[in-house]
Each structure stands twice: as C-alpha cells, then as structure tokens.
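upload12.cif (mmCIF, C-alpha atoms)
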data_query
#
loop_
_atom_site.group_PDB
_atom_site.id
_atom_site.type_symbol
_atom_site.label_atom_id
_atom_site.label_comp_id
_atom_site.auth_asym_id
_atom_site.auth_seq_id
_atom_site.Cartn_x
_atom_site.Cartn_y
_atom_site.Cartn_z
ATOM 1 C CA MET A 258 -12.155 22.559 -6.888
ATOM 2 C CA ILE A 259 -9.509 20.845 -4.736
ATOM 3 C CA ARG A 260 -6.686 18.916 -6.374
ATOM 4 C CA ILE A 261 -4.397 16.592 -4.436
ATOM 5 C CA ARG A 262 -1.864 13.892 -5.334
ATOM 6 C CA VAL A 263 -1.704 10.396 -3.904
ATOM 7 C CA GLY A 264 1.429 8.244 -3.908
ATOM 8 C CA THR A 265 1.245 4.461 -4.213
ATOM 9 C CA ARG A 266 3.231 1.417 -5.217
ATOM 10 C CA GLY A 267 2.361 -0.061 -8.595
ATOM 11 C CA SER A 268 1.344 -3.576 -7.555
ATOM 12 C CA ASP A 269 -2.183 -4.780 -8.270
ATOM 13 C CA LEU A 270 -3.029 -4.762 -4.581
ATOM 14 C CA ALA A 271 -1.537 -1.324 -3.893
ATOM 15 C CA LEU A 272 -3.433 0.167 -6.831
ATOM 16 C CA TRP A 273 -6.687 -1.476 -5.710
ATOM 17 C CA GLN A 274 -6.275 -0.186 -2.160
ATOM 18 C CA THR A 275 -5.451 3.319 -3.348
ATOM 19 C CA GLY A 276 -8.402 3.313 -5.740
ATOM 20 C CA TRP A 277 -10.725 2.159 -2.957
ATOM 21 C CA VAL A 278 -9.596 4.998 -0.702
ATOM 22 C CA CYS A 279 -9.800 7.616 -3.476
ATOM 23 C CA ASP A 280 -13.339 6.574 -4.438
ATOM 24 C CA ARG A 281 -14.505 7.138 -0.871
ATOM 25 C CA LEU A 282 -12.685 10.437 -0.545
ATOM 26 C CA ARG A 283 -14.319 11.708 -3.734
ATOM 27 C CA ALA A 284 -17.721 10.620 -2.408
ATOM 28 C CA ALA A 285 -17.090 12.434 0.873
ATOM 29 C CA HIS A 286 -15.738 15.569 -0.842
ATOM 30 C CA PRO A 287 -17.669 16.255 -4.084
ATOM 31 C CA GLY A 288 -15.473 17.974 -6.646
ATOM 32 C CA LEU A 289 -12.240 16.591 -5.191
ATOM 33 C CA GLU A 290 -9.694 15.701 -7.887
ATOM 34 C CA ILE A 291 -6.984 13.156 -7.060
ATOM 35 C CA ALA A 292 -3.971 12.489 -9.266
ATOM 36 C CA ARG A 293 -2.281 9.121 -8.775
ATOM 37 C CA ILE A 294 1.522 8.986 -8.660
ATOM 38 C CA ILE A 295 3.103 5.523 -8.864
ATOM 39 C CA ILE A 296 6.374 5.231 -6.945
ATOM 40 C CA LYS A 297 8.801 2.307 -7.007
ATOM 41 C CA THR A 298 10.144 1.253 -3.609
ATOM 42 C CA HIS A 299 13.095 -0.927 -2.597
ATOM 43 C CA GLY A 300 10.683 -3.835 -2.296
ATOM 44 C CA ASP A 301 9.617 -3.385 -5.924
ATOM 45 C CA THR A 302 13.148 -3.223 -7.327
ATOM 46 C CA SER A 303 14.802 -5.861 -5.098
ATOM 47 C CA THR A 304 12.406 -8.733 -5.609
ATOM 48 C CA ASP A 305 14.977 -11.447 -4.883
ATOM 49 C CA GLN A 306 16.085 -10.076 -1.498
ATOM 50 C CA MET A 307 14.734 -11.953 1.494
ATOM 51 C CA PHE A 308 13.280 -10.430 4.666
ATOM 52 C CA ASP A 309 16.393 -10.846 6.774
ATOM 53 C CA ALA A 310 18.603 -8.574 8.844
ATOM 54 C CA ASP A 311 19.847 -6.879 5.652
ATOM 55 C CA TRP A 312 16.357 -5.794 4.608
ATOM 56 C CA PRO A 313 16.199 -1.986 4.941
ATOM 57 C CA VAL A 314 13.787 -0.342 7.359
ATOM 58 C CA GLY A 315 10.741 0.809 5.401
ATOM 59 C CA GLY A 316 11.679 -1.248 2.355
ATOM 60 C CA PHE A 317 8.153 -1.066 0.935
ATOM 61 C CA VAL A 318 7.370 2.534 1.919
ATOM 62 C CA GLY A 319 10.583 4.567 2.200
ATOM 63 C CA ALA A 320 10.526 6.059 -1.313
ATOM 64 C CA ILE A 321 6.875 7.014 -0.892
ATOM 65 C CA GLU A 322 7.534 8.673 2.461
ATOM 66 C CA GLN A 323 10.376 10.636 0.884
ATOM 67 C CA ALA A 324 8.034 11.848 -1.857
ATOM 68 C CA LEU A 325 5.490 12.871 0.779
ATOM 69 C CA ALA A 326 8.033 14.708 2.924
ATOM 70 C CA GLY A 327 9.387 16.399 -0.222
ATOM 71 C CA GLU A 328 5.865 17.602 -1.153
ATOM 72 C CA ARG A 329 5.837 15.666 -4.439
ATOM 73 C CA ILE A 330 2.625 13.999 -3.251
ATOM 74 C CA ASP A 331 -0.009 15.066 -0.699
ATOM 75 C CA PHE A 332 -0.938 11.718 0.830
ATOM 76 C CA ALA A 333 -0.101 8.041 0.549
ATOM 77 C CA VAL A 334 -1.989 4.784 0.988
ATOM 78 C CA HIS A 335 -0.027 1.934 2.573
ATOM 79 C CA SER A 336 -0.676 -1.558 3.786
ATOM 80 C CA TYR A 337 -0.205 -0.662 7.442
ATOM 81 C CA LYS A 338 1.915 -3.706 8.232
ATOM 82 C CA ASP A 339 4.563 -2.417 5.769
ATOM 83 C CA LEU A 340 5.244 0.746 7.793
ATOM 84 C CA PRO A 341 8.218 0.951 10.176
ATOM 85 C CA THR A 342 7.262 1.008 13.841
ATOM 86 C CA ALA A 343 8.983 4.374 14.361
ATOM 87 C CA VAL A 344 6.946 7.344 13.145
ATOM 88 C CA THR A 345 8.693 9.242 10.344
ATOM 89 C CA SER A 346 9.420 12.817 11.410
ATOM 90 C CA GLY A 347 6.996 15.343 9.912
ATOM 91 C CA LEU A 348 4.526 12.684 8.761
ATOM 92 C CA THR A 349 1.393 11.315 10.399
ATOM 93 C CA ILE A 350 -1.149 8.535 9.929
ATOM 94 C CA ALA A 351 -4.150 10.789 9.418
ATOM 95 C CA ALA A 352 -6.658 7.980 8.883
ATOM 96 C CA ILE A 353 -6.989 4.222 9.319
ATOM 97 C CA PRO A 354 -10.058 2.916 7.436
ATOM 98 C CA PRO A 355 -12.151 -0.016 8.720
ATOM 99 C CA ARG A 356 -10.098 -3.189 8.747
ATOM 100 C CA GLU A 357 -10.510 -6.048 6.286
ATOM 101 C CA ILE A 358 -10.292 -9.746 7.300
ATOM 102 C CA VAL A 359 -7.104 -10.459 9.255
ATOM 103 C CA HIS A 360 -6.408 -14.160 8.726
ATOM 104 C CA ASP A 361 -3.894 -15.759 6.360
ATOM 105 C CA VAL A 362 -4.907 -18.252 3.695
ATOM 106 C CA LEU A 363 -3.022 -21.325 2.534
ATOM 107 C CA VAL A 364 -3.482 -21.616 -1.244
ATOM 108 C CA THR A 365 -2.605 -25.083 -2.544
ATOM 109 C CA ARG A 366 -2.342 -26.865 -5.888
ATOM 110 C CA GLU A 367 -4.422 -29.772 -4.626
ATOM 111 C CA ALA A 368 -6.900 -30.198 -1.802
ATOM 112 C CA VAL A 369 -5.101 -30.943 1.473
ATOM 113 C CA ASP A 370 -5.887 -31.284 5.163
ATOM 114 C CA LEU A 371 -4.172 -28.638 7.284
ATOM 115 C CA ASP A 372 -3.692 -31.174 10.078
ATOM 116 C CA GLY A 373 -2.279 -33.795 7.741
ATOM 117 C CA LEU A 374 -0.089 -32.096 5.170
ATOM 118 C CA PRO A 375 1.736 -34.580 2.927
ATOM 119 C CA ALA A 376 5.345 -35.420 3.774
ATOM 120 C CA GLY A 377 7.705 -33.003 2.044
ATOM 121 C CA PHE A 378 4.967 -30.420 1.448
ATOM 122 C CA LYS A 379 6.735 -27.509 -0.312
ATOM 123 C CA LEU A 380 5.459 -24.241 1.113
ATOM 124 C CA GLY A 381 6.357 -20.937 -0.494
ATOM 125 C CA THR A 382 6.844 -18.001 1.886
ATOM 126 C CA SER A 383 9.548 -15.537 2.917
ATOM 127 C CA SER A 384 7.733 -14.210 5.975
ATOM 128 C CA PRO A 385 9.671 -15.054 9.161
ATOM 129 C CA ARG A 386 6.380 -15.181 11.082
ATOM 130 C CA ARG A 387 4.807 -17.647 8.666
ATOM 131 C CA ILE A 388 7.990 -19.720 8.509
ATOM 132 C CA ALA A 389 8.023 -19.965 12.304
ATOM 133 C CA GLN A 390 4.351 -20.936 12.467
ATOM 134 C CA PHE A 391 4.689 -23.656 9.836
ATOM 135 C CA LYS A 392 7.964 -24.959 11.265
ATOM 136 C CA ARG A 393 5.759 -26.653 13.846
ATOM 137 C CA HIS A 394 4.624 -28.944 11.033
ATOM 138 C CA ASP A 395 7.537 -31.381 10.741
ATOM 139 C CA ASP A 396 6.714 -32.432 7.181
ATOM 140 C CA VAL A 397 6.763 -28.922 5.673
ATOM 141 C CA GLU A 398 9.682 -27.768 3.488
ATOM 142 C CA ILE A 399 9.967 -23.976 3.368
ATOM 143 C CA VAL A 400 10.814 -22.495 -0.048
ATOM 144 C CA PRO A 401 11.718 -18.766 -0.014
ATOM 145 C CA THR A 402 9.081 -17.045 -2.154
ATOM 146 C CA ARG A 403 8.479 -13.342 -2.740
ATOM 147 C CA GLY A 404 6.299 -11.320 -5.097
ATOM 148 C CA ASN A 405 2.888 -9.704 -5.242
ATOM 149 C CA VAL A 406 -0.265 -11.740 -4.695
ATOM 150 C CA PRO A 407 -0.842 -12.925 -8.311
ATOM 151 C CA THR A 408 2.873 -13.668 -8.745
ATOM 152 C CA ARG A 409 3.038 -15.881 -5.669
ATOM 153 C CA ILE A 410 -0.069 -17.775 -6.719
ATOM 154 C CA ALA A 411 1.432 -18.299 -10.186
ATOM 155 C CA LYS A 412 4.582 -19.708 -8.569
ATOM 156 C CA LEU A 413 2.563 -22.699 -7.377
ATOM 157 C CA GLU A 414 2.891 -24.146 -10.868
ATOM 158 C CA ARG A 415 5.952 -22.300 -12.125
ATOM 159 C CA GLU A 416 8.172 -23.322 -9.192
ATOM 160 C CA ASP A 417 6.461 -26.635 -8.406
ATOM 161 C CA LEU A 418 5.243 -25.552 -4.981
ATOM 162 C CA ASP A 419 2.518 -27.359 -3.069
ATOM 163 C CA GLY A 420 1.226 -24.213 -1.368
ATOM 164 C CA VAL A 421 1.769 -20.528 -0.666
ATOM 165 C CA VAL A 422 0.615 -18.436 2.293
ATOM 166 C CA LEU A 423 -1.069 -15.096 1.638
ATOM 167 C CA ALA A 424 -2.929 -12.474 3.620
ATOM 168 C CA GLY A 425 -6.620 -13.166 3.167
ATOM 169 C CA ALA A 426 -7.283 -9.423 2.881
ATOM 170 C CA GLY A 427 -5.212 -9.145 -0.282
ATOM 171 C CA VAL A 428 -6.867 -12.131 -1.931
ATOM 172 C CA LYS A 429 -10.318 -10.779 -1.065
ATOM 173 C CA ARG A 430 -9.598 -7.211 -2.177
ATOM 174 C CA LEU A 431 -8.344 -8.398 -5.566
ATOM 175 C CA GLY A 432 -11.288 -10.760 -5.999
ATOM 176 C CA ILE A 433 -8.980 -13.664 -6.787
ATOM 177 C CA GLU A 434 -10.627 -17.065 -6.973
ATOM 178 C CA VAL A 435 -8.500 -20.131 -6.353
ATOM 179 C CA SER A 436 -9.420 -23.804 -6.542
ATOM 180 C CA HIS A 437 -8.013 -24.778 -3.154
ATOM 181 C CA ALA A 438 -7.628 -22.463 -0.180
ATOM 182 C CA ILE A 439 -7.702 -22.931 3.583
ATOM 183 C CA GLU A 440 -8.482 -20.073 5.959
ATOM 184 C CA LEU A 441 -5.803 -20.401 8.620
ATOM 185 C CA PRO A 442 -7.296 -20.168 12.124
ATOM 186 C CA VAL A 443 -5.915 -17.134 13.966
ATOM 187 C CA ASP A 444 -5.520 -19.050 17.229
ATOM 188 C CA ARG A 445 -2.844 -21.213 15.559
ATOM 189 C CA PHE A 446 -1.651 -18.888 12.788
ATOM 190 C CA MET A 447 -1.844 -15.438 14.321
ATOM 191 C CA PRO A 448 -1.546 -12.633 11.733
ATOM 192 C CA ALA A 449 1.061 -9.921 11.466
ATOM 193 C CA PRO A 450 0.387 -6.799 13.528
ATOM 194 C CA ALA A 451 -1.916 -4.460 11.538
ATOM 195 C CA GLN A 452 -2.631 -7.126 8.890
ATOM 196 C CA GLY A 453 -5.714 -6.215 6.869
ATOM 197 C CA ALA A 454 -5.483 -2.533 7.841
ATOM 198 C CA LEU A 455 -4.636 0.425 5.605
ATOM 199 C CA ALA A 456 -2.749 3.562 6.653
ATOM 200 C CA ILE A 457 -3.443 6.896 4.982
ATOM 201 C CA GLN A 458 -0.354 9.007 5.566
ATOM 202 C CA THR A 459 0.011 12.773 5.196
ATOM 203 C CA ARG A 460 2.337 15.520 6.327
ATOM 204 C CA ALA A 461 1.561 16.508 9.902
ATOM 205 C CA GLY A 462 -0.707 19.554 10.017
ATOM 206 C CA ASP A 463 -1.229 19.612 6.251
ATOM 207 C CA ASP A 464 -4.629 20.388 4.705
ATOM 208 C CA ALA A 465 -4.683 16.885 3.229
ATOM 209 C CA ALA A 466 -4.747 15.456 6.754
ATOM 210 C CA GLU A 467 -8.113 17.117 7.346
ATOM 211 C CA LEU A 468 -9.467 15.879 4.014
ATOM 212 C CA VAL A 469 -8.622 12.211 4.624
ATOM 213 C CA ARG A 470 -9.624 12.144 8.282
ATOM 214 C CA VAL A 471 -13.174 11.257 7.223
ATOM 215 C CA MET A 472 -11.823 7.737 6.501
ATOM 216 C CA ASP A 473 -10.649 7.110 10.069
ATOM 217 C CA ASP A 474 -12.233 4.245 12.010
ATOM 218 C CA VAL A 475 -11.807 4.578 15.770
ATOM 219 C CA GLU A 476 -12.014 0.863 16.609
ATOM 220 C CA THR A 477 -9.534 -0.163 13.916
ATOM 221 C CA ARG A 478 -7.133 2.558 15.086
ATOM 222 C CA ARG A 479 -7.232 1.307 18.694
ATOM 223 C CA ARG A 480 -6.629 -2.288 17.654
ATOM 224 C CA VAL A 481 -3.744 -1.403 15.361
ATOM 225 C CA GLU A 482 -2.177 0.937 17.925
ATOM 226 C CA ALA A 483 -2.000 -1.915 20.446
ATOM 227 C CA GLU A 484 -0.488 -4.326 17.915
ATOM 228 C CA ARG A 485 2.040 -1.774 16.717
ATOM 229 C CA ALA A 486 2.977 -0.793 20.273
ATOM 230 C CA PHE A 487 3.868 -4.441 20.819
ATOM 231 C CA LEU A 488 6.096 -4.341 17.732
ATOM 232 C CA ARG A 489 7.847 -1.205 18.929
ATOM 233 C CA GLY A 490 8.362 -2.759 22.346
ATOM 234 C CA ILE A 491 10.214 -5.755 20.912
ATOM 235 C CA ASN A 492 12.130 -3.497 18.469
ATOM 236 C CA ALA A 493 10.857 -5.569 15.581
ATOM 237 C CA GLY A 494 11.841 -5.374 11.935
ATOM 238 C CA CYS A 495 10.718 -7.288 8.843
ATOM 239 C CA HIS A 496 12.979 -10.176 9.899
ATOM 240 C CA THR A 497 11.392 -10.545 13.361
ATOM 241 C CA PRO A 498 9.056 -13.568 13.703
ATOM 242 C CA ALA A 499 6.218 -12.004 15.696
ATOM 243 C CA ALA A 500 2.431 -11.868 15.520
ATOM 244 C CA ALA A 501 -0.308 -9.924 17.282
ATOM 245 C CA LEU A 502 -4.057 -9.461 17.142
ATOM 246 C CA ALA A 503 -6.147 -7.106 19.265
ATOM 247 C CA HIS A 504 -9.866 -7.084 20.006
ATOM 248 C CA ILE A 505 -12.096 -4.373 21.455
ATOM 249 C CA SER A 506 -14.647 -5.125 24.158
ATOM 250 C CA GLY A 507 -16.489 -2.086 25.442
ATOM 251 C CA ASP A 508 -13.892 0.376 26.701
ATOM 252 C CA GLY A 509 -11.250 -2.321 27.026
ATOM 253 C CA ILE A 510 -8.761 -3.838 24.637
ATOM 254 C CA SER A 511 -7.387 -7.378 24.594
ATOM 255 C CA LEU A 512 -4.114 -8.170 22.833
ATOM 256 C CA HIS A 513 -2.956 -11.681 21.982
ATOM 257 C CA ALA A 514 0.633 -11.904 20.725
ATOM 258 C CA GLN A 515 3.324 -14.415 19.766
ATOM 259 C CA LEU A 516 7.099 -14.009 19.695
ATOM 260 C CA PHE A 517 9.445 -16.606 18.227
ATOM 261 C CA SER A 518 13.185 -16.982 18.661
ATOM 262 C CA ASP A 519 15.266 -16.062 15.618
ATOM 263 C CA ASP A 520 15.912 -19.758 14.914
ATOM 264 C CA TYR A 521 12.128 -20.428 15.067
ATOM 265 C CA LEU A 522 12.622 -23.190 17.648
ATOM 266 C CA ARG A 523 11.064 -21.410 20.637
ATOM 267 C CA VAL A 524 7.835 -19.464 20.971
ATOM 268 C CA VAL A 525 6.115 -17.571 23.769
ATOM 269 C CA GLU A 526 2.649 -16.081 23.656
ATOM 270 C CA GLY A 527 0.089 -14.506 25.903
ATOM 271 C CA VAL A 528 -2.800 -12.099 26.356
ATOM 272 C CA GLU A 529 -2.766 -8.647 27.933
ATOM 273 C CA THR A 530 -5.804 -6.463 28.580
ATOM 274 C CA GLY A 531 -6.415 -2.856 29.555
ATOM 275 C CA ALA A 532 -7.987 0.424 28.517
ATOM 276 C CA ASP A 533 -4.986 2.090 26.867
ATOM 277 C CA ALA A 534 -3.781 0.534 23.587
ATOM 278 C CA GLU A 535 -0.203 1.768 23.847
ATOM 279 C CA ASP A 536 0.127 0.522 27.423
ATOM 280 C CA VAL A 537 -1.311 -2.892 26.586
ATOM 281 C CA GLY A 538 1.124 -3.312 23.677
ATOM 282 C CA ARG A 539 4.089 -2.156 25.755
ATOM 283 C CA ARG A 540 3.292 -4.530 28.620
ATOM 284 C CA MET A 541 2.881 -7.416 26.184
ATOM 285 C CA ALA A 542 6.293 -6.714 24.661
ATOM 286 C CA GLU A 543 8.020 -6.576 28.043
ATOM 287 C CA ARG A 544 6.329 -9.793 29.135
ATOM 288 C CA LEU A 545 7.135 -11.847 26.016
ATOM 289 C CA LEU A 546 10.711 -10.583 25.745
ATOM 290 C CA GLY A 547 11.271 -11.673 29.341
ATOM 291 C CA GLU A 548 9.653 -15.052 28.806
ATOM 292 C CA LEU A 549 11.580 -15.732 25.613
ATOM 293 C CA LYS A 550 14.854 -14.838 27.310
ATOM 294 C CA ALA A 551 14.008 -17.244 30.129
ATOM 295 C CA THR A 552 13.691 -20.122 27.630
ATOM 296 C CA THR A 553 17.333 -19.881 26.509
#
Would you mind writing the file out in structure tokens?
Amino acid sequence: MIRIRVGTRGSDLALWQTGWVCDRLRAAHPGLEIARIIIKTHGDTSTDQMFDADWPVGGFVGAIEQALAGERIDFAVHSYKDLPTAVTSGLTIAAIPPREIVHDVLVTREAVDLDGLPAGFKLGTSSPRRIAQFKRHDDVEIVPTRGNVPTRIAKLEREDLDGVVLAGAGVKRLGIEVSHAIELPVDRFMPAPAQGALAIQTRAGDDAAELVRVMDDVETRRRVEAERAFLRGINAGCHTPAAALAHISGDGISLHAQLFSDDYLRVVEGVETGADAEDVGRRMAERLLGELKATT
C-alpha cells in the first residue's frame, strides 16, 4: 500500500481538477491511497486585489509550493497558467496531462452578437489580457471582476454586468450550463499561455514524481513549453497583457503570440515555427518585444 498527499486550493475548479487527476492515478496504481490537503493561497484570501504590478509572484500557488518543498504534501495539482514562469528550486513539473479546450467563453445575461455588442456593454474581467483584447471594442465598459467560476457567473446578476469572460476549460470541467455563451475565436481572442492545461508538481527526484509521470502527455508538454518560454522571454507576470497558443505538426511546433502595451493601446503579434519548443518561444519573445518597442 502506497500513501501520498496531494495539495490543492479549495475552489470548485481546483477540487474538480485534483479529483480528476487522483482518480486516474488510482486507476494506474491499484492500491494507491491519496489524502487531499486543502491549502489557502494569497489569491484565495485577497479576493479584492487586482492583477496589477502589486500582485505577488505565484499568488495562486505560492503557499502550495511551500507546503510541497516543506514535505507537508507529496504532489500538487495546479492550473498551469497560474504558475510563475521561473521554476521553483527543488520542485519539478513531473506530469502535464492532456490539455482541455483552450478558448475563452463570453457568458452573457442576454443573447448578444459578438460583432455588435450593445453600447455601454458592461464586461466583468480583471485579466489584463482579456481587458486588452476587448478594449478593441469601443462600446465595452470594463468592470474589474474576480472570483472563482461560479462566483463570476453569479456576479452577472448581483453586480448588474452584461457579461463575464471565463476560460472554457473551467466551465466545461465543472459542467456548468449557462443560457447564453459565446465561444471566443482564438484568432481574435488568443488564450493565456498554458490555458486549459494542468501541471502536476512534485519535489525533484522524489518517488511521487515517478508515480505521477504516467499522466504526462508529450504533445501537451511541448505546446505548453513553447508558450511558457515566450512568457519567460518577455519577463511576464500576472499583470502582463500577453497571449500565446502553440500547435504541433509532425516534428515541428508553431507558436502564435500576442503582446500588448501596458496601456492596452498597442498590440503586436506573430507566428514562429521550429523543432525546439524553448527556442521557438524565446525567438517569439525577442521578436515581439522588439516590435512593440518600435511602436512607441
């Protein structure tokens, strides 16, 4: 009998994701016992703080990483996009399961046309990327909105919003049904790097790393590595308005990325291809940083 402990946030989505991973680990390792440890992070206790320059690095994962490094848990399940771009010393991403859908969804109180949103449309989001993408719609009023998936949907009525933007993966995983939702096309509303992907984190070289490795999906790992390399290259934080999405074709990888200015008024984007994910992401970062600087 093997007993291990998993650390997770306590939100509905975090618990669903952790349960999904644990079910598959138990199926792969009969007799495996997993104890769930719920850990509150800065993001859970500071629900009114916006994603700006004051937001701490690793705001949604730092407390969990500390528990992992301190051997209070044996592995953790994260939404990959919540992880800092710099690898935490002594820890490793031992497995990245197959990716869920990557696109965002616009959930609205009433049926609307994405290309003809009503004047003064009140959109709830605190994501700099989503703010920048919707700023191109002149009639949209951005209302800072944070919270887990059910909370943000509830704010449609509670805070008199016309719409909220959510990751489609979270809505799908929780099985939430809404009356009005628009799948945002990724060519116009590119997702956050690693959106829809999970990261199973362990201590480097620990026995738990070998246990969870059965969950690793090679294609998802290559795609996410390219997107995250782009983030590292631009030195991005939670307040950086940037997007990226990679695709695999044979032995090659293609990365499409967007980078907005901090005031959301300028945007550059492009595509880089190659065989090495890290190199593709690095070249994309260098290219877009140079192009954005040239627009000033």
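Nearest to Leu468 in chain A of all the residues A:Thr530, A:Ser268, A:Phe332, A:Gln323 is A:Phe332, based on all atoms listed in the file.
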Closest atom pairs, range 350-465 of chain A residues within 9 Å of range 519-527 of chain A, all atoms listed in the file, as JSON lines:
{"residue": "A:Pro385", "atom": "CA", "partner": "A:Tyr521", "partner_atom": "CA", "distance": 8.4}
{"residue": "A:Arg386", "atom": "CA", "partner": "A:Tyr521", "partner_atom": "CA", "distance": 8.7}
{"residue": "A:Ile388", "atom": "CA", "partner": "A:Tyr521", "partner_atom": "CA", "distance": 7.8}
{"residue": "A:Ala389", "atom": "CA", "partner": "A:Tyr521", "partner_atom": "CA", "distance": 5.0}
{"residue": "A:Gln390", "atom": "CA", "partner": "A:Tyr521", "partner_atom": "CA", "distance": 8.2}
{"residue": "A:Lys392", "atom": "CA", "partner": "A:Tyr521", "partner_atom": "CA", "distance": 7.2}
{"residue": "A:Arg393", "atom": "CA", "partner": "A:Leu522", "partner_atom": "CA", "distance": 8.6}
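For the set A:Ala551, A:Ile457, A:Ala465, A:Val537, the residue with the smallest atom-to-atom gap to Trp277 in chain A is A:Ile457, counting all atoms listed in the file.
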Could you write out as a compact mmCIF listing (two decimals) with C-alpha atoms, in the frame of the given file the residues that the PyMOL selection byres ((chain A and resi 364) around 9) matches in the shown file?
# COMPACT_ATOMS: atom_id res chain seq x y z
CA VAL A 362 -4.91 -18.25 3.70
CA LEU A 363 -3.02 -21.32 2.53
CA THR A 365 -2.60 -25.08 -2.54
CA ARG A 366 -2.34 -26.86 -5.89
CA GLU A 367 -4.42 -29.77 -4.63
CA ILE A 410 -0.07 -17.77 -6.72
CA LEU A 413 2.56 -22.70 -7.38
CA ASP A 419 2.52 -27.36 -3.07
CA GLY A 420 1.23 -24.21 -1.37
CA VAL A 421 1.77 -20.53 -0.67
CA VAL A 422 0.62 -18.44 2.29
CA LEU A 423 -1.07 -15.10 1.64
CA VAL A 435 -8.50 -20.13 -6.35
CA SER A 436 -9.42 -23.80 -6.54
CA HIS A 437 -8.01 -24.78 -3.15
CA ALA A 438 -7.63 -22.46 -0.18
CA ILE A 439 -7.70 -22.93 3.58
CA GLU A 440 -8.48 -20.07 5.96
> Using all atoms listed in the file, can you list as a list in words the residues within 6 Å of (-1.7, 9.4, 7.8)?
Replying inline: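 Returned residue set, sorted by chain then number, is Thr349, Ile350, Ala351, Ala352, Ile457, Gln458 and Thr459 of chain A.
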> If you count all atoms listed in the file, which residues fall within 8 Å of Met258 in chain A, apart from same-chain ones fewer than 5 positions away, as a PyMOL selection string?
Replying inline: chain A and resi 288-290
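Evaluated against this file, the PyMOL selection byres ((chain A and resi 337-343) around 8) yields Val314, Gly315, Gly316, Phe317, Val318, His335, Ser336, Val344, Thr345, Ala449, Pro450, Ala451, Gln452, Gly453, Ala454, Leu455, Ala456, Arg485, Ala486, Leu488, Arg489, Ala493 and Gly494 of chain A.
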>> Considering only C-alpha atoms, can you say which of A:Ile358, A:Ala411, A:Ala461, A:Val471 comes closest to Ala326 in chain A?
In response: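 That would be A:Ala461, the residue with the smallest distance to Ala326 in chain A.
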>> Counting all atoms listed in the file, which residue out of A:Ile491, A:Leu516, A:Asp444, A:Glu467 sits closest to Thr552 in chain A?
In response: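 Answer, going by the shortest atom-to-atom distance: A:Leu516.
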> Applied to the shown file, which residues does the PyMOL selection byres ((chain A and resi 400) around 7) return, written as a list in words?
Replying inline: Lys379, Leu380, Gly381, Thr382, Glu398, Ile399, Pro401 and Thr402 of chain A
Contacts of Ala376 in chain A at 8 Å (only C-alpha atoms; same-chain gap of 2+ positions) as a compact mmCIF listing (two decimals) with C-alpha atoms, in the frame of the given file:
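Writing the result to out30.txt gives the following:
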# COMPACT_ATOMS: atom_id res chain seq x y z
CA LEU A 374 -0.09 -32.10 5.17
CA PHE A 378 4.97 -30.42 1.45
CA ASP A 396 6.71 -32.43 7.18
CA VAL A 397 6.76 -28.92 5.67
>> If I take CA of Gly373 in chain A and CA of Ala514 in chain A, how far is one from the other in Å, to one decimal?
In response: 25.6 Å
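From CA of Leu418 in chain A back to CA of Gln515 in chain A, the distance works out to 27.2 Å.
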>> Using only C-alpha atoms, can you tell me which of A:Val263, A:Leu270, A:Ala532, A:Leu371 comes closest to Pro442 in chain A?
In response: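 Result for the nearest residue to Pro442 in chain A: A:Leu371.
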> Hey, can you check how far CA of Gln274 in chain A sits from CA of Gly427 in chain A?
Replying inline: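 Value for the CA of Gln274 in chain A-CA of Gly427 in chain A distance: 9.2 Å.
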Close residues, Lys429 in chain A itself excluded, 10 Å, all atoms listed in the file, min 4 positions apart in chain, as a tab-separated table (two decimals) with C-alpha atoms, in the frame of the given file:
chain	number	residue	atom	x	y	z
A	357	GLU	CA	-10.51	-6.05	6.29
A	358	ILE	CA	-10.29	-9.75	7.30
A	424	ALA	CA	-2.93	-12.47	3.62
A	425	GLY	CA	-6.62	-13.17	3.17
A	433	ILE	CA	-8.98	-13.66	-6.79
A	434	GLU	CA	-10.63	-17.07	-6.97
>> List the spatial neighbours of Ala503 in chain A as a ChimeraX atom specification - criterion: any atom at most 7 Å away, all atoms listed in the file, same-chain residues fewer than 2 positions off excluded.
In response: /A:480,483-484,501,505,510-513
> Looking at all atoms listed in the file, which of A:Ala426, A:Val481, A:Glu476, A:Arg409 is the one that sits closest to Ser506 in chain A?
Replying inline: A:Glu476
> What's the 12 Å shell around Asp269 in chain A, counting only C-alpha atoms, without same-chain residues fewer than 3 positions away, as a ChimeraX atom specification?
Replying inline: /A:265-266,272-276,295,404-408,427-428,430-433
